[in-house]
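Student: My structure is in coords-v2.cif, and what it holds is mmCIF, C-alpha atoms:
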```cif
data_protein
#
loop_
_atom_site.group_PDB
_atom_site.id
_atom_site.type_symbol
_atom_site.label_atom_id
_atom_site.label_comp_id
_atom_site.auth_asym_id
_atom_site.auth_seq_id
_atom_site.Cartn_x
_atom_site.Cartn_y
_atom_site.Cartn_z
ATOM 1 C CA MET A 223 -3.266 -29.905 17.624
ATOM 2 C CA LYS A 224 -5.538 -27.593 15.733
ATOM 3 C CA LEU A 225 -6.402 -24.072 16.742
ATOM 4 C CA ARG A 226 -8.903 -21.807 15.099
ATOM 5 C CA VAL A 227 -8.173 -18.110 14.843
ATOM 6 C CA LEU A 228 -10.862 -15.557 14.096
ATOM 7 C CA VAL A 229 -9.586 -12.379 12.471
ATOM 8 C CA SER A 230 -11.948 -9.435 12.001
ATOM 9 C CA LEU A 231 -11.861 -5.702 11.484
ATOM 10 C CA LYS A 232 -11.748 -3.629 14.662
ATOM 11 C CA PRO A 233 -15.084 -2.130 15.735
ATOM 12 C CA GLY A 234 -14.292 1.381 14.468
ATOM 13 C CA VAL A 235 -13.160 0.258 11.001
ATOM 14 C CA LEU A 236 -15.824 0.202 8.283
ATOM 15 C CA ASP A 237 -16.615 -3.387 7.324
ATOM 16 C CA ALA A 238 -18.004 -2.730 3.851
ATOM 17 C CA GLN A 239 -18.653 -6.420 3.267
ATOM 18 C CA GLY A 240 -20.554 -6.792 6.528
ATOM 19 C CA ARG A 241 -22.615 -3.736 5.717
ATOM 20 C CA ALA A 242 -23.516 -5.091 2.276
ATOM 21 C CA ILE A 243 -24.630 -8.393 3.814
ATOM 22 C CA GLU A 244 -26.637 -6.491 6.403
ATOM 23 C CA HIS A 245 -28.432 -4.553 3.667
ATOM 24 C CA ALA A 246 -29.107 -7.736 1.722
ATOM 25 C CA LEU A 247 -30.597 -9.455 4.752
ATOM 26 C CA ARG A 248 -32.857 -6.470 5.417
ATOM 27 C CA ASP A 249 -33.884 -6.437 1.767
ATOM 28 C CA LEU A 250 -34.891 -10.071 2.217
ATOM 29 C CA GLY A 251 -37.297 -8.930 4.900
ATOM 30 C CA HIS A 252 -35.196 -9.637 7.980
ATOM 31 C CA SER A 253 -35.757 -6.301 9.611
ATOM 32 C CA GLN A 254 -34.605 -7.713 12.941
ATOM 33 C CA VAL A 255 -30.980 -7.734 11.659
ATOM 34 C CA LYS A 256 -29.345 -4.777 13.368
ATOM 35 C CA GLY A 257 -25.779 -5.245 12.218
ATOM 36 C CA VAL A 258 -23.397 -7.644 10.475
ATOM 37 C CA ARG A 259 -19.641 -7.877 10.865
ATOM 38 C CA THR A 260 -17.533 -10.317 8.898
ATOM 39 C CA GLY A 261 -14.196 -11.956 9.584
ATOM 40 C CA LYS A 262 -12.080 -14.820 8.492
ATOM 41 C CA LEU A 263 -11.401 -18.098 10.172
ATOM 42 C CA VAL A 264 -7.877 -19.494 9.997
ATOM 43 C CA VAL A 265 -7.372 -23.092 11.103
ATOM 44 C CA LEU A 266 -3.819 -23.758 12.257
ATOM 45 C CA ASP A 267 -2.585 -27.320 12.467
ATOM 46 C CA LEU A 268 0.314 -27.095 14.922
ATOM 47 C CA ASP A 269 3.013 -29.606 15.663
ATOM 48 C CA THR A 270 2.398 -29.635 19.419
ATOM 49 C CA ALA A 271 -0.074 -31.228 21.805
ATOM 50 C CA ASP A 272 0.518 -28.656 24.542
ATOM 51 C CA PRO A 273 -2.401 -26.217 24.550
ATOM 52 C CA VAL A 274 -0.399 -23.502 26.303
ATOM 53 C CA ARG A 275 2.378 -23.683 23.753
ATOM 54 C CA ALA A 276 -0.066 -23.899 20.886
ATOM 55 C CA ARG A 277 -1.848 -20.800 22.073
ATOM 56 C CA ALA A 278 1.419 -18.925 22.535
ATOM 57 C CA LEU A 279 2.495 -19.863 19.029
ATOM 58 C CA ALA A 280 -0.887 -18.900 17.561
ATOM 59 C CA THR A 281 -0.643 -15.528 19.290
ATOM 60 C CA GLU A 282 2.797 -14.988 17.802
ATOM 61 C CA LEU A 283 1.542 -15.904 14.326
ATOM 62 C CA CYS A 284 -1.393 -13.534 14.685
ATOM 63 C CA GLU A 285 0.849 -10.672 15.715
ATOM 64 C CA LYS A 286 3.331 -11.378 12.943
ATOM 65 C CA LEU A 287 1.130 -12.105 9.940
ATOM 66 C CA LEU A 288 -2.465 -13.216 10.422
ATOM 67 C CA ALA A 289 -3.811 -9.898 11.710
ATOM 68 C CA ASN A 290 -2.807 -6.317 11.005
ATOM 69 C CA PRO A 291 -3.065 -4.583 14.396
ATOM 70 C CA VAL A 292 -3.819 -1.227 12.771
ATOM 71 C CA ILE A 293 -7.184 -2.410 11.490
ATOM 72 C CA GLU A 294 -7.805 -5.927 12.769
ATOM 73 C CA GLN A 295 -8.407 -7.830 15.984
ATOM 74 C CA TYR A 296 -8.001 -11.547 16.517
ATOM 75 C CA GLU A 297 -9.414 -14.135 18.804
ATOM 76 C CA ILE A 298 -7.910 -17.560 19.327
ATOM 77 C CA LEU A 299 -10.693 -20.117 19.581
ATOM 78 C CA SER A 300 -10.199 -23.660 20.786
ATOM 79 C CA MET B 875 14.478 15.270 -17.871
ATOM 80 C CA SER B 876 17.693 16.814 -16.595
ATOM 81 C CA GLY B 877 18.981 15.544 -13.295
ATOM 82 C CA ALA B 878 17.373 12.148 -13.680
ATOM 83 C CA SER B 879 19.867 10.744 -16.134
ATOM 84 C CA GLY B 880 21.954 8.045 -14.552
ATOM 85 C CA VAL B 881 19.822 7.826 -11.426
ATOM 86 C CA ARG B 882 19.626 4.151 -10.570
ATOM 87 C CA VAL B 883 16.118 2.972 -9.804
ATOM 88 C CA GLY B 884 14.953 -0.521 -8.926
ATOM 89 C CA VAL B 885 11.364 -1.657 -9.422
ATOM 90 C CA LEU B 886 10.352 -4.578 -7.213
ATOM 91 C CA VAL B 887 8.630 -7.506 -8.872
ATOM 92 C CA PHE B 888 6.521 -9.885 -6.795
ATOM 93 C CA PRO B 889 4.480 -12.801 -8.068
ATOM 94 C CA GLY B 890 1.294 -11.022 -9.075
ATOM 95 C CA SER B 891 2.809 -7.587 -9.657
ATOM 96 C CA LEU B 892 1.347 -6.208 -12.847
ATOM 97 C CA ASP B 893 2.308 -2.555 -13.121
ATOM 98 C CA ASP B 894 6.032 -3.213 -12.840
ATOM 99 C CA ARG B 895 6.619 -2.925 -16.570
ATOM 100 C CA ASP B 896 4.716 0.328 -16.832
ATOM 101 C CA MET B 897 6.725 1.674 -13.917
ATOM 102 C CA VAL B 898 10.023 0.565 -15.469
ATOM 103 C CA ARG B 899 8.988 2.106 -18.754
ATOM 104 C CA ALA B 900 7.906 5.389 -17.152
ATOM 105 C CA PHE B 901 11.171 5.775 -15.235
ATOM 106 C CA ALA B 902 13.217 4.879 -18.320
ATOM 107 C CA ARG B 903 11.298 7.448 -20.319
ATOM 108 C CA LEU B 904 12.306 10.065 -17.765
ATOM 109 C CA GLY B 905 15.968 9.197 -18.179
ATOM 110 C CA ALA B 906 16.549 6.903 -15.200
ATOM 111 C CA ASP B 907 18.755 3.837 -15.295
ATOM 112 C CA VAL B 908 16.051 1.421 -14.205
ATOM 113 C CA GLN B 909 16.020 -2.292 -13.527
ATOM 114 C CA PRO B 910 13.503 -4.781 -12.179
ATOM 115 C CA VAL B 911 14.374 -6.400 -8.840
ATOM 116 C CA TRP B 912 12.967 -9.884 -8.213
ATOM 117 C CA HIS B 913 11.350 -10.471 -4.834
ATOM 118 C CA LYS B 914 13.641 -13.424 -4.078
ATOM 119 C CA ASP B 915 16.730 -11.241 -4.211
ATOM 120 C CA ALA B 916 17.829 -10.800 -0.624
ATOM 121 C CA ARG B 917 20.530 -8.353 -1.730
ATOM 122 C CA LEU B 918 19.762 -5.222 -3.655
ATOM 123 C CA PRO B 919 21.928 -3.959 -6.486
ATOM 124 C CA GLU B 920 23.383 -0.453 -6.096
ATOM 125 C CA LEU B 921 20.313 1.781 -6.242
ATOM 126 C CA ASP B 922 19.410 5.404 -5.553
ATOM 127 C CA GLY B 923 15.691 4.759 -5.239
ATOM 128 C CA ILE B 924 13.108 1.983 -5.294
ATOM 129 C CA GLY B 925 9.626 1.843 -6.764
ATOM 130 C CA VAL B 926 7.087 -0.673 -5.484
ATOM 131 C CA PRO B 927 4.512 -1.198 -8.233
ATOM 132 C CA GLY B 928 0.845 -2.069 -8.239
ATOM 133 C CA GLY B 929 -0.773 -5.394 -8.857
ATOM 134 C CA PHE B 930 -2.024 -8.272 -6.805
ATOM 135 C CA SER B 931 1.084 -9.606 -5.102
ATOM 136 C CA TYR B 932 0.477 -13.141 -3.839
ATOM 137 C CA GLY B 933 -3.090 -12.931 -5.094
ATOM 138 C CA ASP B 934 -3.956 -10.448 -2.315
ATOM 139 C CA TYR B 935 -4.259 -13.500 -0.057
ATOM 140 C CA LEU B 936 -4.924 -12.826 3.622
ATOM 141 C CA ARG B 937 -4.690 -9.038 3.181
ATOM 142 C CA THR B 938 -3.395 -6.916 0.347
ATOM 143 C CA GLY B 939 0.366 -6.666 0.699
ATOM 144 C CA ALA B 940 0.520 -8.948 3.739
ATOM 145 C CA MET B 941 2.522 -11.739 2.103
ATOM 146 C CA ALA B 942 4.820 -9.549 0.027
ATOM 147 C CA ARG B 943 6.035 -7.961 3.220
ATOM 148 C CA PHE B 944 7.843 -11.200 4.055
ATOM 149 C CA SER B 945 9.534 -11.629 0.673
ATOM 150 C CA PRO B 946 13.329 -11.959 0.923
ATOM 151 C CA VAL B 947 13.811 -8.578 -0.775
ATOM 152 C CA MET B 948 11.770 -6.707 1.814
ATOM 153 C CA ARG B 949 14.340 -6.917 4.589
ATOM 154 C CA ALA B 950 16.799 -5.150 2.306
ATOM 155 C CA VAL B 951 14.096 -2.642 1.355
ATOM 156 C CA VAL B 952 13.482 -1.814 5.025
ATOM 157 C CA ASP B 953 17.217 -1.143 5.458
ATOM 158 C CA PHE B 954 17.183 0.878 2.238
ATOM 159 C CA ALA B 955 14.379 3.064 3.581
ATOM 160 C CA ALA B 956 16.195 3.487 6.897
ATOM 161 C CA SER B 957 19.197 4.843 4.971
ATOM 162 C CA GLY B 958 17.021 7.766 3.880
ATOM 163 C CA ARG B 959 16.922 6.909 0.187
ATOM 164 C CA PRO B 960 13.614 7.379 -1.655
ATOM 165 C CA LEU B 961 10.968 4.697 -1.813
ATOM 166 C CA LEU B 962 7.762 5.095 -3.814
ATOM 167 C CA GLY B 963 4.827 2.715 -3.391
ATOM 168 C CA VAL B 964 1.928 2.810 -5.832
ATOM 169 C CA CYS B 965 -1.391 1.042 -5.226
ATOM 170 C CA ASN B 966 -0.465 -2.493 -4.168
ATOM 171 C CA GLY B 967 3.004 -1.088 -3.533
ATOM 172 C CA PHE B 968 1.431 1.402 -1.108
ATOM 173 C CA GLN B 969 -0.401 -1.470 0.588
ATOM 174 C CA ILE B 970 2.857 -3.426 0.873
ATOM 175 C CA LEU B 971 4.732 -0.488 2.403
ATOM 176 C CA CYS B 972 1.945 -0.034 4.964
ATOM 177 C CA GLU B 973 1.996 -3.740 5.827
ATOM 178 C CA ALA B 974 5.782 -3.585 6.152
ATOM 179 C CA GLY B 975 5.479 -0.743 8.640
ATOM 180 C CA LEU B 976 7.359 1.667 6.370
ATOM 181 C CA LEU B 977 4.270 3.849 6.125
ATOM 182 C CA PRO B 978 1.631 4.319 8.831
ATOM 183 C CA GLY B 979 -1.938 3.085 8.464
ATOM 184 C CA ALA B 980 -3.590 0.424 6.348
ATOM 185 C CA LEU B 981 -5.829 0.050 3.299
ATOM 186 C CA VAL B 982 -9.148 -1.742 3.408
ATOM 187 C CA ARG B 983 -11.981 -2.671 1.041
ATOM 188 C CA ASN B 984 -13.552 0.230 -0.825
ATOM 189 C CA ARG B 985 -16.603 1.661 0.897
ATOM 190 C CA ASP B 986 -18.940 0.604 -1.906
ATOM 191 C CA LEU B 987 -17.277 -2.802 -2.390
ATOM 192 C CA LYS B 988 -16.703 -1.870 -6.022
ATOM 193 C CA TYR B 989 -13.440 -1.992 -7.856
ATOM 194 C CA VAL B 990 -12.911 1.588 -9.001
ATOM 195 C CA CYS B 991 -11.151 2.417 -12.248
ATOM 196 C CA GLN B 992 -11.241 6.096 -13.125
ATOM 197 C CA ASP B 993 -9.213 9.278 -13.307
ATOM 198 C CA VAL B 994 -9.067 11.181 -10.032
ATOM 199 C CA ARG B 995 -7.831 14.599 -9.056
ATOM 200 C CA VAL B 996 -5.592 14.830 -6.026
ATOM 201 C CA ALA B 997 -4.066 17.841 -4.338
ATOM 202 C CA VAL B 998 -0.540 17.798 -2.965
ATOM 203 C CA GLU B 999 -0.310 18.517 0.723
ATOM 204 C CA ASP B 1000 3.125 17.425 1.954
ATOM 205 C CA ALA B 1001 5.069 15.322 -0.519
ATOM 206 C CA GLY B 1002 8.034 14.904 1.828
ATOM 207 C CA ASP B 1003 11.308 14.575 -0.051
ATOM 208 C CA PHE B 1004 9.402 14.386 -3.351
ATOM 209 C CA ARG B 1005 8.669 18.082 -3.359
ATOM 210 C CA ALA B 1006 10.695 19.171 -6.404
ATOM 211 C CA GLU B 1007 7.646 19.541 -8.657
ATOM 212 C CA LEU B 1008 5.018 18.976 -6.003
ATOM 213 C CA PRO B 1009 4.428 22.175 -4.062
ATOM 214 C CA PRO B 1010 1.530 22.113 -1.605
ATOM 215 C CA GLY B 1011 -1.742 22.717 -3.399
ATOM 216 C CA ARG B 1012 -0.661 21.448 -6.800
ATOM 217 C CA ALA B 1013 -3.424 19.381 -8.393
ATOM 218 C CA LEU B 1014 -2.626 16.194 -10.296
ATOM 219 C CA VAL B 1015 -4.904 14.059 -12.439
ATOM 220 C CA MET B 1016 -4.029 10.360 -12.372
ATOM 221 C CA PRO B 1017 -5.966 7.121 -12.660
ATOM 222 C CA VAL B 1018 -6.878 4.826 -9.790
ATOM 223 C CA LYS B 1019 -7.728 1.156 -10.210
ATOM 224 C CA HIS B 1020 -8.254 -0.749 -7.011
ATOM 225 C CA GLY B 1021 -10.707 -2.662 -4.862
ATOM 226 C CA GLU B 1022 -8.994 -2.012 -1.558
ATOM 227 C CA GLY B 1023 -7.924 1.605 -1.440
ATOM 228 C CA ALA B 1024 -9.750 3.024 1.551
ATOM 229 C CA TYR B 1025 -7.031 4.420 3.784
ATOM 230 C CA VAL B 1026 -7.392 3.885 7.522
ATOM 231 C CA PRO B 1027 -4.908 5.815 9.669
ATOM 232 C CA ASP B 1028 -3.135 4.236 12.604
ATOM 233 C CA PRO B 1029 -4.766 5.869 15.654
ATOM 234 C CA GLU B 1030 -1.357 6.009 17.303
ATOM 235 C CA HIS B 1031 0.491 7.503 14.378
ATOM 236 C CA LYS B 1032 -1.013 10.501 12.622
ATOM 237 C CA PRO B 1033 0.095 10.367 8.996
ATOM 238 C CA ARG B 1034 1.817 13.103 7.039
ATOM 239 C CA VAL B 1035 -0.728 13.408 4.265
ATOM 240 C CA ALA B 1036 1.015 13.632 0.890
ATOM 241 C CA PHE B 1037 -2.058 13.671 -1.367
ATOM 242 C CA ARG B 1038 -5.752 14.170 -0.813
ATOM 243 C CA TYR B 1039 -8.578 13.425 -3.250
ATOM 244 C CA VAL B 1040 -10.286 16.555 -4.487
ATOM 245 C CA GLY B 1041 -14.084 16.460 -4.468
ATOM 246 C CA GLY B 1042 -14.380 13.317 -2.360
ATOM 247 C CA SER B 1043 -12.611 9.988 -2.446
ATOM 248 C CA PRO B 1044 -13.659 7.208 -4.813
ATOM 249 C CA ASN B 1045 -13.178 4.582 -2.096
ATOM 250 C CA GLY B 1046 -14.188 5.895 1.327
ATOM 251 C CA SER B 1047 -10.692 6.820 2.477
ATOM 252 C CA THR B 1048 -10.528 8.514 5.870
ATOM 253 C CA ASP B 1049 -10.354 12.298 5.342
ATOM 254 C CA ASP B 1050 -10.037 11.682 1.573
ATOM 255 C CA ILE B 1051 -6.426 10.600 2.001
ATOM 256 C CA ALA B 1052 -4.945 9.371 -1.290
ATOM 257 C CA GLY B 1053 -1.315 9.059 -0.217
ATOM 258 C CA VAL B 1054 0.980 9.554 2.756
ATOM 259 C CA THR B 1055 4.649 9.972 3.532
ATOM 260 C CA ASN B 1056 6.642 8.734 6.497
ATOM 261 C CA THR B 1057 8.032 10.896 9.287
ATOM 262 C CA ALA B 1058 11.394 11.197 7.540
ATOM 263 C CA GLY B 1059 9.771 12.103 4.221
ATOM 264 C CA ASN B 1060 11.726 9.635 2.068
ATOM 265 C CA VAL B 1061 8.945 7.050 1.723
ATOM 266 C CA VAL B 1062 5.785 7.997 -0.158
ATOM 267 C CA GLY B 1063 2.831 5.771 -0.975
ATOM 268 C CA LEU B 1064 -0.348 6.526 -2.884
ATOM 269 C CA MET B 1065 -3.255 4.729 -4.522
ATOM 270 C CA PRO B 1066 -3.345 6.694 -7.830
ATOM 271 C CA HIS B 1067 -0.940 5.556 -10.548
ATOM 272 C CA PRO B 1068 1.628 8.148 -11.684
ATOM 273 C CA GLU B 1069 3.191 5.605 -14.058
ATOM 274 C CA HIS B 1070 -0.072 5.414 -16.005
ATOM 275 C CA ALA B 1071 -0.151 9.199 -16.426
ATOM 276 C CA VAL B 1072 3.021 9.988 -18.337
ATOM 277 C CA ASP B 1073 1.733 10.047 -21.899
ATOM 278 C CA PRO B 1074 -0.743 12.540 -23.416
ATOM 279 C CA LEU B 1075 -2.243 9.610 -25.292
ATOM 280 C CA LEU B 1076 -3.633 8.355 -21.985
ATOM 281 C CA GLY B 1077 -5.171 11.642 -20.940
ATOM 282 C CA SER B 1078 -2.719 13.054 -18.410
ATOM 283 C CA THR B 1079 0.978 13.613 -17.971
ATOM 284 C CA ASP B 1080 0.679 14.748 -14.349
ATOM 285 C CA GLY B 1081 2.184 11.494 -13.127
ATOM 286 C CA GLY B 1082 5.434 12.586 -14.731
ATOM 287 C CA ALA B 1083 5.720 15.456 -12.238
ATOM 288 C CA LEU B 1084 5.496 12.975 -9.381
ATOM 289 C CA LEU B 1085 7.983 10.542 -10.908
ATOM 290 C CA ARG B 1086 10.416 13.355 -11.765
ATOM 291 C CA SER B 1087 10.137 14.565 -8.164
ATOM 292 C CA PHE B 1088 10.959 11.044 -6.996
ATOM 293 C CA LEU B 1089 13.987 10.959 -9.346
ATOM 294 C CA ALA B 1090 15.099 14.359 -8.066
ATOM 295 C CA ALA B 1091 14.964 12.959 -4.525
ATOM 296 C CA CYS B 1092 16.986 9.958 -5.750
ATOM 297 C CA ALA B 1093 19.608 12.260 -7.285
ATOM 298 C CA ALA B 1094 19.787 14.273 -4.053
ATOM 299 C CA ALA B 1095 20.153 11.100 -1.986
ATOM 300 C CA ARG B 1096 22.898 9.930 -4.297
ATOM 301 C CA ALA B 1097 24.746 13.240 -3.980
ATOM 302 C CA ARG B 1098 24.631 12.922 -0.189
ATOM 303 C CA ARG B 1099 26.237 9.497 -0.183
#
```
Is it possible to give me this structure as C-alpha cells?

Tutor:
Amino acid sequence: MKLRVLVSLKPGVLDAQGRAIEHALRDLGHSQVKGVRTGKLVVLDLDTADPVRARALATELCEKLLANPVIEQYEILS
Amino acid sequence: MSGASGVRVGVLVFPGSLDDRDMVRAFARLGADVQPVWHKDARLPELDGIGVPGGFSYGDYLRTGAMARFSPVMRAVVDFAASGRPLLGVCNGFQILCEAGLLPGALVRNRDLKYVCQDVRVAVEDAGDFRAELPPGRALVMPVKHGEGAYVPDPEHKPRVAFRYVGGSPNGSTDDIAGVTNTAGNVVGLMPHPEHAVDPLLGSTDGGALLRSFLAACAAARARR
C-alpha cells in the first residue's frame, strides 16, 4: 500500500522558502496571506497491505532518514 | 610544518563531493600523508585524522548530508570519532557530521535563499582539540560558498561554539554560529573553507592555521595510541 508522508520544518525554524513565497503572494496583491510554510511530500509504496504495519514502518523510516528531528516534523497521511 | 609530517589523514569522497581534491592538496602541502577514502569503503585504512570535504554529496537530495550519513564508510567514521581521534567537517562535510549525529544541530537554507560565495571573517571561540593555533579570539578570513549554511542548534544540546561570524552571518545562522565542536572536542565542523585559504594567491592563508591545528591534534592523538 501507499502512504504519504509530509515533512516540514518545525514551527520555530525559519522557513526561508515559505517566507519568500509569502512575500511573492503579497506582492501579487494577496494581502490576505498571513503566512506560508513549505514542506515536502514523500510517497512510500510499501510491500504490505496492513495499515498498522505500514504506518509503523513509515514512522521508522521518518525517524531514521526522512525527517531530521532537530529541525523537522513529519506527519503520516493516509 | 613541523609535527605534521607523517600524520596520516584520510579525506572522505562521496558521489558529489567536490572539495576533496583541494582538501587533499592542502593537507599534503602542510606535510601530511594524505589519502582519499571512498565512501563505499566499510573499513578505514590506518589513519590519525579524517577530513570530510564540501560539495553536494548525493545531490543534496532530501536534506544536505542526509544520504551520505548512511554510506558504508560512515559507520567506521562514527567509531573513529568515538575513539577520540580528530574529525574535521567543512561545509557539506559539516552538514554530514550533523546529520550523522557526530555534531549537534543542523544546517538549513540560507535566510535570503541566496547561495553565498564570499570571504568571511570568523572569530575563534572554543576550537576543542584544534586549539594549537586557534586561541579564543583569533580572527580568521576564509571563504564560504553554500546555499544551506544557516546553523540551527538542537534545543536539547547546546553546542560548543568553535567559530562565530564577525559582523553578522552571511546566511542567517543562529547567534552567528559558523562552526561547532562536539562535547569531547575532537570533532569540529564549520561552513567556511580552510582548504581554500592556504595560498596567498587566493587572498588568505588563515585556513592553514586551522588545518595545522587539526594536524597537531592528529599527531597528539597518534602519540596517545

Student: Skip Glu1022 (chain B) itself and residues of its chain fewer than 3 positions away, then list as a PyMOL selection string all residues within 12 Å of it, counting all atoms listed in the file.

Tutor: (chain A and resi 237-239) or (chain B and resi 928-930+934+937-939+965-966+968-969+980-991+1018-1019+1025-1026+1044-1047+1065)

Student: In terms of the shortest atom-to-atom distance over only C-alpha atoms, which of A:Asp249, A:Asp267, A:Glu282, A:Glu294 is closest to chain B?

Tutor: A:Glu294

Student: Determine the residue membership of the PyMOL selection byres ((chain A) within 12 of (chain B)) for the file above and supply it as a ChimeraX atom specification.

Tutor: /A:229-232,234-243,261-264,284,286-294

Student: Just checking: using only C-alpha atoms, which residue out of B:Ala1097, B:Leu1089, B:Ala906, B:Leu1084 ends up closest to Glu1007 (chain B)?

Tutor: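 Checking each of B:Ala1097, B:Leu1089, B:Ala906, B:Leu1084 against Glu1007 (chain B), counting only C-alpha atoms, the winner is B:Leu1084.
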
Student: So what does the PyMOL selection byres ((chain B and resi 890) around 7) actually pick up in this one, as a count of residues only?

Tutor: 9

Student: What is the CA of Trp912 (chain B) to CA of Gly925 (chain B) distance in Å?

Tutor: 12.3 Å

Student: Could you tell me which residues the PyMOL selection byres ((chain A and resi 273) around 12) returns for this structure, as a VMD selection string?

Tutor: chain A and resid 223 to 225 268 to 272 274 to 280 298 to 300

Student: Which residue, B:Gly975, B:Pro919, B:Gly1059, B:Pro946, has the smallest gap to Leu962 (chain B) when you use all atoms listed in the file?

Tutor: B:Gly1059

Student: In Å, rounded to a single decimal, give me how far CA of Ala900 (chain B) is from CA of Asp1080 (chain B).

Tutor: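 These atoms are spaced 12.2 Å apart.
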
Student: Could you jot down the CA of Arg882 (chain B) to CA of Leu971 (chain B) separation for me, Å, one decimal place?

Tutor: 20.3 Å

Student: Residues within 9 Å of Pro1009 (chain B), please, as a ChimeraX atom specification. Count all atoms listed in the file; anything in the same chain fewer than 6 positions from it doesn't count.

Tutor: /B:998-1001

Student: Using all atoms listed in the file, determine which residues lie at most 12 Å from Val994 (chain B), disregarding the query and same-chain residues fewer than 3 positions distant; provide the list as a compact mmCIF listing (two decimals) with C-alpha atoms, in the frame of the given file.

Tutor:
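Just written: around-v7.txt:
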```txt
# COMPACT_ATOMS: atom_id res chain seq x y z
CA VAL B 990 -12.91 1.59 -9.00
CA CYS B 991 -11.15 2.42 -12.25
CA ALA B 997 -4.07 17.84 -4.34
CA ALA B 1013 -3.42 19.38 -8.39
CA LEU B 1014 -2.63 16.19 -10.30
CA VAL B 1015 -4.90 14.06 -12.44
CA MET B 1016 -4.03 10.36 -12.37
CA PRO B 1017 -5.97 7.12 -12.66
CA VAL B 1018 -6.88 4.83 -9.79
CA LYS B 1019 -7.73 1.16 -10.21
CA PHE B 1037 -2.06 13.67 -1.37
CA ARG B 1038 -5.75 14.17 -0.81
CA TYR B 1039 -8.58 13.42 -3.25
CA VAL B 1040 -10.29 16.56 -4.49
CA GLY B 1041 -14.08 16.46 -4.47
CA GLY B 1042 -14.38 13.32 -2.36
CA SER B 1043 -12.61 9.99 -2.45
CA PRO B 1044 -13.66 7.21 -4.81
CA ASN B 1045 -13.18 4.58 -2.10
CA ASP B 1050 -10.04 11.68 1.57
CA ALA B 1052 -4.94 9.37 -1.29
CA MET B 1065 -3.26 4.73 -4.52
CA PRO B 1066 -3.34 6.69 -7.83
CA HIS B 1067 -0.94 5.56 -10.55
CA PRO B 1068 1.63 8.15 -11.68
CA ALA B 1071 -0.15 9.20 -16.43
CA GLY B 1077 -5.17 11.64 -20.94
CA SER B 1078 -2.72 13.05 -18.41
CA ASP B 1080 0.68 14.75 -14.35
CA GLY B 1081 2.18 11.49 -13.13
```

Student: Could you check which of B:Ala1036, B:Val911, B:Leu1075, B:Ala942 is closest to Val1062 (chain B), using all atoms listed in the file?

Tutor: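 The shortest atom-to-atom distance to Val1062 (chain B) comes from B:Ala1036.
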
Student: Please report, as JSON, the centre and edge lengths in Å to one decimal of an axis-aligned box covering all listed atoms of region 243-246 of chain A with 6 Å per side.

Tutor:
```
{"center_x": -26.9, "center_y": -6.5, "center_z": 4.1, "size_x": 16.5, "size_y": 15.8, "size_z": 16.7}
```

Student: Can you list, as a PyMOL selection string, every protein, DNA or RNA residue that comes within 8 Å of Arg1086 (chain B) when you count all atoms listed in the file, leaving out same-chain residues fewer than 5 positions away?

Tutor: chain B and resi 875+878+904+1006-1007

Student: Generate a file of the selected residues that holds C-alpha atoms, formatted as a CSV table (one decimal), in the coordinates of the input.

Tutor:
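Contents of result-v8.csv, freshly written:
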```csv
chain,number,residue,atom,x,y,z
B,875,MET,CA,14.5,15.3,-17.9
B,878,ALA,CA,17.4,12.1,-13.7
B,904,LEU,CA,12.3,10.1,-17.8
B,1006,ALA,CA,10.7,19.2,-6.4
B,1007,GLU,CA,7.6,19.5,-8.7
```
